[in-house]
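Text of entry07.txt, listed as compact mmCIF, C-alpha atoms:
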```
# COMPACT_ATOMS: atom_id res chain seq x y z
CA MET A 1 -1.34 -6.78 -29.04
CA CYS A 2 0.57 -10.01 -28.79
CA THR A 3 0.88 -11.37 -32.31
CA THR A 4 0.90 -15.00 -31.23
CA CYS A 5 -2.16 -15.44 -29.13
CA GLY A 6 -3.99 -12.17 -29.57
CA CYS A 7 -3.88 -11.29 -25.89
CA GLY A 8 -4.46 -7.66 -25.12
CA ILE A 9 -1.42 -7.09 -22.94
CA GLY A 10 0.72 -5.26 -25.49
CA GLN A 11 -1.94 -2.57 -25.92
CA ALA A 12 -0.86 -0.62 -22.87
CA LEU A 13 0.75 2.73 -23.64
CA ILE A 14 2.92 4.73 -21.26
CA GLY A 15 3.23 8.36 -22.26
CA GLY A 16 2.23 7.25 -25.75
CA HIS A 17 4.95 4.55 -25.98
CA ALA A 18 4.18 0.85 -25.94
CA LEU A 19 4.72 -0.89 -22.63
CA GLN A 20 7.79 -3.12 -22.80
CA ARG A 21 6.82 -6.46 -21.33
CA SER A 22 10.03 -8.30 -20.61
CA ARG A 23 8.86 -11.55 -22.05
CA GLN A 24 5.45 -11.55 -23.50
CA HIS A 25 5.68 -10.21 -26.99
CA GLY A 26 6.24 -12.26 -30.06
CA GLY A 27 6.33 -15.88 -30.98
CA GLN A 28 9.37 -16.79 -28.94
CA MET A 29 7.49 -15.96 -25.79
CA HIS A 30 4.21 -17.73 -26.27
CA PHE A 31 5.10 -21.22 -27.38
CA ARG A 32 3.07 -22.28 -30.34
CA ALA A 33 1.10 -25.47 -30.13
CA ARG A 34 2.38 -26.46 -33.56
CA GLU A 35 6.04 -26.25 -32.51
CA ALA A 36 5.27 -27.99 -29.28
CA ASN A 37 3.52 -30.81 -31.05
CA GLU A 38 6.61 -31.55 -33.12
CA HIS A 39 8.20 -32.87 -29.97
CA VAL A 40 5.25 -34.88 -28.78
CA ALA A 41 6.56 -38.05 -30.42
CA ASP A 42 9.66 -37.89 -28.18
CA ALA A 43 7.73 -37.25 -25.04
CA GLY A 44 6.85 -40.00 -22.65
CA ALA A 45 3.53 -40.56 -20.97
CA SER A 46 1.77 -37.91 -18.94
CA ARG A 47 3.33 -36.81 -15.70
CA ILE A 48 2.41 -34.41 -12.95
CA VAL A 49 4.49 -31.30 -12.32
CA LYS A 50 4.00 -29.68 -8.92
CA LEU A 51 4.23 -25.88 -9.02
CA GLU A 52 2.36 -24.25 -6.11
CA GLN A 53 3.03 -20.82 -7.63
CA ASP A 54 1.13 -17.70 -6.73
CA ILE A 55 -0.41 -16.16 -9.86
CA LEU A 56 0.41 -12.67 -8.62
CA ALA A 57 4.04 -13.51 -7.83
CA LYS A 58 5.37 -11.81 -10.94
CA ASN A 59 3.45 -8.59 -10.31
CA ASN A 60 4.50 -8.70 -6.66
CA GLY A 61 8.14 -9.02 -7.76
CA TYR A 62 7.87 -5.85 -9.85
CA ALA A 63 6.03 -4.14 -6.98
CA ASP A 64 8.86 -5.06 -4.57
CA ALA A 65 11.40 -3.57 -7.00
CA ASN A 66 9.32 -0.37 -7.27
CA ARG A 67 9.01 -0.18 -3.47
CA ARG A 68 12.77 -0.62 -3.06
CA TYR A 69 13.49 2.13 -5.58
CA LEU A 70 10.96 4.47 -3.97
CA SER A 71 12.34 3.97 -0.48
CA GLU A 72 15.93 4.48 -1.69
CA GLN A 73 14.90 7.80 -3.25
CA GLY A 74 12.78 8.86 -0.27
CA ILE A 75 9.67 9.03 -2.46
CA PHE A 76 6.23 8.73 -0.87
CA ALA A 77 3.93 6.95 -3.34
CA LEU A 78 0.15 6.74 -3.08
CA ASN A 79 -2.14 4.58 -5.19
CA LEU A 80 -5.50 6.33 -5.54
CA VAL A 81 -8.36 3.97 -6.25
CA SER A 82 -12.09 4.48 -6.65
CA SER A 83 -15.08 4.09 -8.95
CA PRO A 84 -15.10 6.29 -12.03
CA GLY A 85 -16.42 9.75 -11.22
CA SER A 86 -15.57 9.88 -7.50
CA GLY A 87 -13.53 13.04 -8.02
CA LYS A 88 -9.98 11.63 -8.00
CA THR A 89 -8.61 13.95 -10.64
CA THR A 90 -10.17 17.07 -9.12
CA LEU A 91 -8.75 16.04 -5.75
CA LEU A 92 -5.32 15.66 -7.36
CA VAL A 93 -5.54 19.06 -9.04
CA LYS A 94 -6.42 20.71 -5.70
CA THR A 95 -3.71 18.77 -3.88
CA ILE A 96 -1.12 19.87 -6.45
CA ALA A 97 -2.28 23.50 -6.20
CA ALA A 98 -1.99 23.40 -2.40
CA LEU A 99 1.46 21.78 -2.34
CA ASN A 100 2.86 23.59 -5.32
CA GLY A 101 6.37 24.80 -4.80
CA ALA A 102 6.63 23.39 -1.27
CA GLN A 103 6.85 19.74 -2.26
CA PRO A 104 8.29 18.12 -5.41
CA LEU A 105 5.63 15.85 -6.86
CA ALA A 106 4.67 13.91 -9.94
CA VAL A 107 1.60 12.05 -11.13
CA ILE A 108 1.02 8.78 -12.96
CA GLU A 109 -2.43 8.75 -14.54
CA GLY A 110 -4.12 5.46 -15.43
CA ASP A 111 -7.06 5.31 -17.81
CA GLN A 112 -8.14 2.91 -20.50
CA GLN A 113 -8.06 5.64 -23.13
CA THR A 114 -7.20 9.34 -23.64
CA ASP A 115 -4.53 11.66 -22.29
CA ASN A 116 -7.16 14.01 -20.80
CA ASP A 117 -6.35 13.47 -17.13
CA ALA A 118 -2.58 13.82 -17.56
CA ALA A 119 -3.24 17.04 -19.48
CA ARG A 120 -5.38 18.32 -16.58
CA ILE A 121 -2.60 17.52 -14.13
CA ARG A 122 0.08 19.16 -16.30
CA SER A 123 -1.96 22.32 -16.57
CA ALA A 124 -2.21 22.25 -12.76
CA GLY A 125 1.58 22.52 -12.74
CA ALA A 126 2.85 19.00 -12.07
CA PRO A 127 4.76 16.59 -14.31
CA ALA A 128 2.43 13.77 -15.30
CA ILE A 129 2.57 10.68 -17.45
CA GLN A 130 -0.46 8.92 -18.82
CA ILE A 131 -0.72 5.14 -18.89
CA ASN A 132 -3.43 3.93 -21.24
CA THR A 133 -4.23 0.37 -20.31
CA GLY A 134 -6.21 -0.25 -23.52
CA LYS A 135 -8.64 -2.98 -22.55
CA GLY A 136 -6.93 -3.47 -19.18
CA CYS A 137 -8.96 -2.64 -16.10
CA HIS A 138 -6.12 -1.81 -13.70
CA LEU A 139 -2.52 -0.64 -13.51
CA ASP A 140 0.12 -3.24 -12.75
CA ALA A 141 3.52 -2.88 -11.14
CA GLN A 142 5.48 -3.30 -14.36
CA MET A 143 3.59 -0.45 -16.05
CA VAL A 144 4.18 1.79 -13.05
CA GLY A 145 7.90 0.88 -12.93
CA GLN A 146 8.34 1.99 -16.55
CA ALA A 147 6.25 5.11 -16.02
CA MET A 148 8.46 6.04 -13.04
CA GLN A 149 11.56 5.70 -15.21
CA GLN A 150 10.06 7.92 -17.91
CA LEU A 151 9.03 10.52 -15.34
CA GLY A 152 12.54 10.80 -13.88
CA LEU A 153 11.42 11.37 -10.30
CA GLN A 154 13.18 13.81 -8.04
CA ASP A 155 14.42 12.47 -4.67
CA GLY A 156 12.03 13.16 -1.82
CA SER A 157 9.04 13.52 -4.16
CA LEU A 158 5.42 12.76 -3.64
CA LEU A 159 4.24 10.31 -6.32
CA LEU A 160 0.50 10.21 -6.86
CA ILE A 161 -0.70 7.26 -8.92
CA GLU A 162 -4.28 7.61 -10.10
CA ASN A 163 -5.43 4.10 -10.90
CA VAL A 164 -8.06 3.21 -13.50
CA GLY A 165 -11.51 4.09 -12.16
CA ASN A 166 -12.59 0.66 -11.01
CA LEU A 167 -13.42 -0.47 -7.50
CA VAL A 168 -12.69 -4.15 -8.13
CA CYS A 169 -9.62 -5.10 -10.12
CA PRO A 170 -6.94 -2.67 -8.81
CA ALA A 171 -7.40 -4.16 -5.31
CA SER A 172 -5.38 -7.24 -6.21
CA PHE A 173 -2.42 -5.49 -7.84
CA ASP A 174 0.31 -4.12 -5.62
CA LEU A 175 2.16 -1.31 -7.41
CA GLY A 176 4.84 -0.79 -4.76
CA GLU A 177 3.00 2.14 -3.18
CA ALA A 178 3.19 3.11 0.48
CA HIS A 179 -0.61 3.17 0.78
CA LYS A 180 -3.73 2.62 -1.23
CA VAL A 181 -6.06 5.59 -0.82
CA VAL A 182 -9.68 4.70 -1.57
CA ILE A 183 -11.99 7.54 -2.52
CA LEU A 184 -15.71 7.17 -1.98
CA SER A 185 -17.96 10.04 -2.95
CA VAL A 186 -21.21 10.81 -1.19
CA THR A 187 -23.07 10.64 -4.49
CA GLU A 188 -22.52 6.88 -4.42
CA GLY A 189 -24.31 4.44 -2.08
CA GLU A 190 -23.41 4.09 1.61
CA ASP A 191 -23.16 0.35 1.16
CA LYS A 192 -20.47 0.48 -1.49
CA PRO A 193 -17.84 -0.76 0.97
CA LEU A 194 -19.95 -3.88 1.55
CA LYS A 195 -20.56 -4.36 -2.16
CA TYR A 196 -16.88 -3.97 -3.10
CA PRO A 197 -15.11 -5.09 0.06
CA ASP A 198 -11.72 -6.03 -1.39
CA MET A 199 -10.74 -2.47 -2.17
CA PHE A 200 -11.72 -1.21 1.27
CA ARG A 201 -9.73 -4.04 2.82
CA ALA A 202 -6.68 -3.24 0.71
CA ALA A 203 -6.72 0.51 1.45
CA ASP A 204 -5.19 2.20 4.50
CA ILE A 205 -7.13 5.43 4.24
CA MET A 206 -10.53 6.42 2.84
CA LEU A 207 -11.40 9.89 1.63
CA LEU A 208 -15.13 10.48 1.78
CA ASN A 209 -15.32 13.02 -1.02
CA LYS A 210 -17.83 15.61 -2.22
CA CYS A 211 -18.99 16.23 1.37
CA ASP A 212 -20.14 19.72 0.33
CA LEU A 213 -23.07 17.98 -1.39
CA LEU A 214 -24.30 16.21 1.77
CA PRO A 215 -27.07 18.75 2.54
CA HIS A 216 -28.64 17.95 -0.84
CA LEU A 217 -28.45 14.18 -0.63
CA VAL A 218 -29.90 11.28 1.27
CA PHE A 219 -26.57 9.81 2.28
CA ASP A 220 -25.69 8.66 5.78
CA ALA A 221 -21.97 9.43 6.07
CA ASP A 222 -21.62 7.75 9.48
CA LEU A 223 -23.18 4.57 8.11
CA ALA A 224 -20.84 4.57 5.09
CA ILE A 225 -17.86 4.89 7.44
CA GLU A 226 -19.22 2.17 9.71
CA TYR A 227 -19.58 -0.19 6.74
CA ALA A 228 -16.04 0.60 5.56
CA ARG A 229 -14.68 -0.14 9.04
CA ARG A 230 -16.52 -3.45 9.15
CA ILE A 231 -14.35 -4.45 6.23
CA ASN A 232 -11.24 -2.79 7.60
CA PRO A 233 -11.36 -1.75 11.28
CA GLN A 234 -8.00 0.07 10.98
CA LEU A 235 -9.14 2.22 8.05
CA GLN A 236 -8.38 5.90 8.58
CA VAL A 237 -11.13 8.21 7.26
CA ILE A 238 -11.09 11.84 6.21
CA ARG A 239 -14.30 13.65 5.20
CA ILE A 240 -13.33 15.92 2.40
CA SER A 241 -14.55 18.16 -0.37
CA ALA A 242 -12.07 18.99 -3.09
CA THR A 243 -14.48 21.71 -4.21
CA SER A 244 -15.21 23.53 -0.92
CA GLY A 245 -11.86 22.70 0.70
CA GLU A 246 -13.41 20.93 3.70
CA GLY A 247 -11.01 18.34 5.10
CA MET A 248 -8.23 19.38 2.71
CA ALA A 249 -5.97 20.58 5.54
CA GLU A 250 -6.19 17.18 7.25
CA TRP A 251 -5.52 15.34 3.99
CA LEU A 252 -2.57 17.58 3.12
CA GLY A 253 -1.20 17.15 6.65
CA TRP A 254 -1.37 13.37 6.25
CA VAL A 255 0.40 13.59 2.87
CA LYS A 256 3.14 15.89 4.20
CA ASP A 257 3.75 13.58 7.18
CA GLY A 258 4.13 10.68 4.73
CA CYS A 259 6.63 12.63 2.63
CA ARG A 260 8.64 13.65 5.69
CA ASN A 261 8.74 10.06 6.94
CA ALA A 262 9.83 8.75 3.52
CA VAL A 263 12.72 11.24 3.45
CA ALA A 264 13.68 10.42 7.05
CA ALA A 265 13.59 6.67 6.30
CA LYS A 266 15.85 7.24 3.28
CA GLN A 267 18.40 9.07 5.40
CA HIS A 268 18.21 6.16 7.81
CA ILE A 269 19.00 3.74 4.98
CA VAL A 270 21.99 5.83 3.85
CA MET B 1 -12.15 -8.18 -15.67
CA HIS B 2 -8.71 -8.71 -14.17
CA GLU B 3 -9.19 -12.45 -14.71
CA MET B 4 -7.62 -11.93 -18.15
CA SER B 5 -4.38 -10.65 -16.63
CA LEU B 6 -4.48 -13.47 -14.11
CA ALA B 7 -4.86 -15.99 -16.94
CA GLU B 8 -1.93 -14.37 -18.76
CA SER B 9 0.16 -14.64 -15.60
CA MET B 10 -0.80 -18.32 -15.42
CA LEU B 11 0.48 -18.79 -18.96
CA GLN B 12 3.80 -17.21 -17.98
CA ILE B 13 4.10 -19.57 -15.02
CA ILE B 14 3.33 -22.53 -17.29
CA GLU B 15 5.83 -21.46 -19.96
CA ASP B 16 8.55 -20.90 -17.36
CA ALA B 17 7.88 -24.38 -15.98
CA ALA B 18 7.97 -25.85 -19.51
CA ARG B 19 11.50 -24.51 -19.96
CA THR B 20 12.86 -25.72 -16.64
CA GLN B 21 10.96 -28.99 -16.44
CA LYS B 22 11.13 -29.89 -20.13
CA PHE B 23 7.60 -30.55 -21.25
CA THR B 24 5.91 -29.62 -24.48
CA ARG B 25 2.22 -30.02 -23.83
CA VAL B 26 -0.07 -29.34 -20.93
CA LYS B 27 -3.14 -31.52 -20.56
CA THR B 28 -4.53 -30.33 -17.23
CA VAL B 29 -3.98 -27.31 -15.02
CA TRP B 30 -4.99 -27.40 -11.36
CA LEU B 31 -5.69 -23.94 -10.08
CA GLU B 32 -6.38 -23.14 -6.45
CA ILE B 33 -8.72 -20.19 -5.95
CA GLY B 34 -9.75 -19.06 -2.50
CA GLN B 35 -13.32 -18.04 -1.80
CA LEU B 36 -12.07 -14.56 -0.78
CA ALA B 37 -9.61 -14.14 -3.67
CA CYS B 38 -11.64 -11.62 -5.68
CA VAL B 39 -11.83 -13.96 -8.65
CA GLU B 40 -14.96 -14.81 -10.58
CA ILE B 41 -14.64 -18.50 -11.41
CA GLU B 42 -16.68 -18.43 -14.62
CA ALA B 43 -14.75 -15.40 -15.89
CA MET B 44 -11.54 -17.22 -15.02
CA ARG B 45 -12.58 -20.25 -17.11
CA PHE B 46 -13.45 -18.04 -20.06
CA CYS B 47 -10.17 -16.12 -19.84
CA PHE B 48 -8.14 -19.28 -19.34
CA ASP B 49 -9.31 -20.68 -22.67
CA ALA B 50 -8.60 -17.38 -24.42
CA ALA B 51 -5.14 -16.92 -22.85
CA MET B 52 -4.02 -20.51 -23.50
CA SER B 53 -5.08 -20.42 -27.15
CA GLY B 54 -2.08 -21.03 -29.42
CA SER B 55 0.16 -22.00 -26.50
CA ILE B 56 1.43 -25.33 -25.20
CA ALA B 57 -1.61 -25.35 -22.94
CA GLU B 58 -4.13 -24.94 -25.74
CA GLN B 59 -7.18 -27.03 -24.94
CA ALA B 60 -5.81 -27.94 -21.54
CA ARG B 61 -8.47 -28.84 -18.98
CA LEU B 62 -8.78 -26.34 -16.14
CA GLU B 63 -9.51 -27.89 -12.76
CA ILE B 64 -10.36 -25.28 -10.16
CA VAL B 65 -9.90 -26.22 -6.53
CA GLU B 66 -11.88 -23.79 -4.40
CA THR B 67 -10.66 -23.28 -0.86
CA PRO B 68 -13.01 -21.96 1.82
CA GLY B 69 -12.51 -18.59 3.50
CA ARG B 70 -11.16 -18.74 7.04
CA GLY B 71 -10.60 -16.04 9.59
CA ARG B 72 -9.38 -15.44 13.11
CA CYS B 73 -10.97 -12.89 15.42
CA VAL B 74 -8.38 -10.35 16.57
CA LYS B 75 -10.34 -9.67 19.78
CA CYS B 76 -11.14 -13.19 21.03
CA SER B 77 -8.89 -15.37 18.81
CA LEU B 78 -11.79 -17.55 17.64
CA GLU B 79 -11.09 -19.38 14.36
CA ILE B 80 -14.13 -19.07 12.10
CA PRO B 81 -15.22 -19.90 8.56
CA ILE B 82 -15.97 -16.70 6.60
CA ALA B 83 -17.61 -16.26 3.21
CA THR B 84 -17.18 -12.47 2.99
CA LEU B 85 -14.79 -9.81 4.28
CA TYR B 86 -17.44 -8.12 6.43
CA GLU B 87 -18.51 -10.92 8.71
CA SER B 88 -18.48 -10.36 12.41
CA CYS B 89 -17.12 -12.88 14.90
CA PRO B 90 -19.94 -15.17 16.08
CA GLY B 91 -18.18 -15.37 19.46
CA CYS B 92 -17.78 -11.70 20.42
CA GLY B 93 -19.38 -9.71 17.58
CA SER B 94 -16.19 -7.90 16.58
CA TYR B 95 -15.59 -7.06 12.93
CA GLU B 96 -11.85 -7.31 13.44
CA VAL B 97 -11.50 -10.66 11.73
CA ARG B 98 -8.16 -11.36 10.09
CA VAL B 99 -8.25 -13.52 6.97
CA THR B 100 -6.19 -16.67 7.57
CA GLY B 101 -7.17 -18.66 4.48
CA GLY B 102 -9.17 -18.54 1.30
CA ASN B 103 -7.37 -15.70 -0.47
CA GLU B 104 -5.06 -17.94 -2.52
CA MET B 105 -4.61 -17.75 -6.31
CA ARG B 106 -2.13 -20.46 -7.08
CA VAL B 107 -1.19 -22.76 -9.94
CA LYS B 108 -0.92 -25.98 -7.95
CA GLU B 109 0.15 -28.57 -10.49
CA LEU B 110 0.09 -29.54 -14.13
CA GLU B 111 -0.45 -32.75 -16.01
CA VAL B 112 2.06 -32.57 -18.84
CA GLU B 113 3.75 -34.63 -21.51
```
Translate this structure into structure tokens?
Amino acid sequence: MCTTCGCGIGQALIGGHALQRSRQHGGQMHFRAREANEHVADAGASRIVKLEQDILAKNNGYADANRRYLSEQGIFALNLVSSPGSGKTTLLVKTIAALNGAQPLAVIEGDQQTDNDAARIRSAGAPAIQINTGKGCHLDAQMVGQAMQQLGLQDGSLLLIENVGNLVCPASFDLGEAHKVVILSVTEGEDKPLKYPDMFRAADIMLLNKCDLLPHLVFDADLAIEYARRINPQLQVIRISATSGEGMAEWLGWVKDGCRNAVAAKQHIV
Amino acid sequence: MHEMSLAESMLQIIEDAARTQKFTRVKTVWLEIGQLACVEIEAMRFCFDAAMSGSIAEQARLEIVETPGRGRCVKCSLEIPIATLYESCPGCGSYEVRVTGGNEMRVKELEVE
């Protein structure tokens, strides 16, 4: 935690190590009112300073740097976003099992607390690093940049970033990924896309997960997809069940195409 | 509650400006928030006060300028006001409405001394 103002930013941990914010820790970063007031006597009257600065500009700068690095290494990065409990981690475990050996891959796991998900991924056979955001409700591009460095990614990898389970906040934070993948499970409401539109607008592809449960539920899958496409008419949709394997071939095909294109684009750069 | 990180980013912008533009106290912050920007205004006010505490903008007044959502229909090119991301075009009924305004989150200006 920042010792000056008590803000929660310094609580984030990446693989158990504190996140290094370039300029937010300590007293020299957050000016103190007391120090500032010492100069008030010298200051003139009030004036207006025009800024017109985007609040997300700093995050977007880190995201651009991540994106540049990823494209130079031919790495295909996906940012997986959803409510808690939609089945993201199970989907990742199955994806890793299916690609294992054929495709180098690594996982960045985001949760407020615990290393449980990274441990699940490691036991599935993939390198994983856990980011604990503490009180934070989303991953940001600076956290992901440092996590990528710690992971030491292989060229031509698939990088799966599992964001904090939250259908609101991660929508606004670009991490430098190629695509946001939104996961909606059929145990949620069909109207979730309308209730949380920003995430469905920000995503390029939606996985409608847990489809094996449809016979036991009152859930209109077509209606859920229609609502999602009201928000984002270009949204690609795959009906999937990480448990039964339904739709997995299509999902894996989409992922492999992305990896191939990332490698091809890298060769084009070189 | 990503408003807290947004408020912390605002503080960074203010502190950067304080260095380059040589001011030592901020009295007012004008913040532009679009209607479609995924920001809860009351949460923003609460987080602003918390984030600015102990800084040169402690007790600064926060003036929020809300800008209306605007969109343009991809099918028929009609310019329309929109309050949500799932509104259809009143002209042709299409849901393919591109957001053209109202998603801003910007520190517009400061009153400083």
Taking 4 positions as the minimum chain separation for residues in the same chain, which residues sit within 8 Å of range 186-195 of chain A when counting only C-alpha atoms? Answer as a ChimeraX atom specification. /A:199-200,208-211,213-214,217,219-221,223-224,227-228,231 /B:86
Two-atom distance - CA of Ile75 in chain A, CA of Glu109 in chain A (Å): 17.1 Å
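Counting all atoms listed in the file and comparing A:Gly15, A:Pro197, A:Gly176, A:Gly74, the residue that lies closest to chain B is A:Pro197.
One finds CA of Glu226 in chain A at 26.3 Å from CA of Gly34 in chain B.
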Neighbouring residues of Glu87 in chain B were defined as those with any atom within 8 Å, considering all atoms listed in the file; residues of the same chain fewer than 3 positions away were excluded. Please report them as a PyMOL selection string. (chain A and resi 230) or (chain B and resi 82-84+95+97)
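Atom to atom, CA of Leu91 in chain A and CA of Ala264 in chain A stand 26.4 Å apart.
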Within 7 Å of chain A, which residues belong to chain B? Use all atoms listed in the file and report them as a PyMOL selection string. chain B and resi 1-2+6+9-10+24-25+51+53-56+58+85-86+95-96+105-113
Please identify all polymer residues within 10 Å of Glu40 in chain B, counting all atoms listed in the file, omitting same-chain residues fewer than 4 positions from it, and present them as a ChimeraX atom specification. /B:1-3,33,35,44-45
